[in-house]
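Below is one structure, written out as structure tokens, with a few remarks after it.
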Amino acid sequence: MGEEFDPRGHVLVPEHRVLSREEGEEVLRRYRVKPNQLPLLKVSDPVARAIGAKVGDIVEVRRKSRTAGEAVAYRYVVEG
């Protein structure tokens, strides 16, 4: 087959970034949550694959927002 599909260039796909271990721990402390309480992102998701996310990583998702300017969310990478 050909190259693997990379959806990051599409206008509807927000910016995704794998956080460092320290950044992930800070997010969990700040929001007082456990990783599995974050929304989940499957390791097989095309964006997760494109950014090299691994099971157990925390991914930051930044999207433009008309009201907030920019909205930041976090996802916990799981098997699947």
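In the structure tokens, chains take the letters A, B, ... in the order shown, each chain's residues start at 1, and ligands count up from 1 in the order shown.
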Which residues are near segment 6-23 of chain A? Cut-off 10 Å, only C-alpha atoms, ignore same chain within fewer than 4 positions. Put them as a list in words.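 Contacts, with the query itself left out: Val27, Leu28, Arg29, Pro46, Val47, Ala48, Arg49, Ala50, Ile51, Gly52, Ala53, Lys54, Gly56, Asp57, Ile58, Val59, Glu60, Val61, Arg62, Arg63, Lys64, Val72, Ala73, Tyr74, Arg75, Tyr76 and Val77 of chain A.
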Mind checking DSSP for chain A and telling me the strand (DSSP E) residues as a PyMOL selection string? chain A and resi 15-18+40-42+58-65+69-78
Could the residues in this selection be saved with C-alpha atoms as a CSV table (one decimal), in the first residue's frame?
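Output (out-v8.csv):
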```csv
chain,number,residue,atom,x,y,z
A,15,GLU,CA,-3.5,20.9,16.7
A,16,HIS,CA,-2.5,17.9,18.8
A,17,ARG,CA,0.7,17.5,20.9
A,18,VAL,CA,2.0,14.7,23.1
A,40,LEU,CA,-9.9,9.0,25.7
A,41,LEU,CA,-8.0,8.9,22.5
A,42,LYS,CA,-7.4,5.5,20.9
A,58,ILE,CA,-1.6,12.6,27.5
A,59,VAL,CA,-2.3,14.6,24.4
A,60,GLU,CA,-3.1,18.4,24.4
A,61,VAL,CA,-5.6,19.4,21.8
A,62,ARG,CA,-5.8,23.1,20.9
A,63,ARG,CA,-8.6,24.4,18.7
A,64,LYS,CA,-9.8,27.9,17.7
A,65,SER,CA,-12.9,29.1,19.5
A,69,GLY,CA,-10.1,32.6,21.3
A,70,GLU,CA,-8.5,29.2,21.9
A,71,ALA,CA,-9.9,26.1,23.7
A,72,VAL,CA,-7.5,23.6,25.2
A,73,ALA,CA,-8.5,20.0,26.0
A,74,TYR,CA,-6.6,16.9,27.1
A,75,ARG,CA,-7.0,13.3,26.0
A,76,TYR,CA,-5.6,10.1,27.5
A,77,VAL,CA,-4.2,7.6,25.0
A,78,VAL,CA,-5.6,4.1,25.4
```
Members of segment 5-76 of chain A assigned alpha helix (DSSP H) by DSSP, as a list in words: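 Of segment 5-76 of chain A, only Arg21, Glu22, Glu23, Gly24, Glu25, Glu26, Val27, Leu28, Arg29, Arg30, Tyr31, Pro46, Val47, Ala48, Arg49, Ala50 and Ile51 of chain A fall in alpha helix (DSSP H).
Atom to atom, atom CA of Ala68 of chain A and atom CA of Leu38 of chain A stand 20.8 Å apart.
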Between atom CA of Glu25 of chain A and atom CA of Gln37 of chain A, distance in Å (one decimal):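 Here the two named atoms are 13.5 Å from each other.
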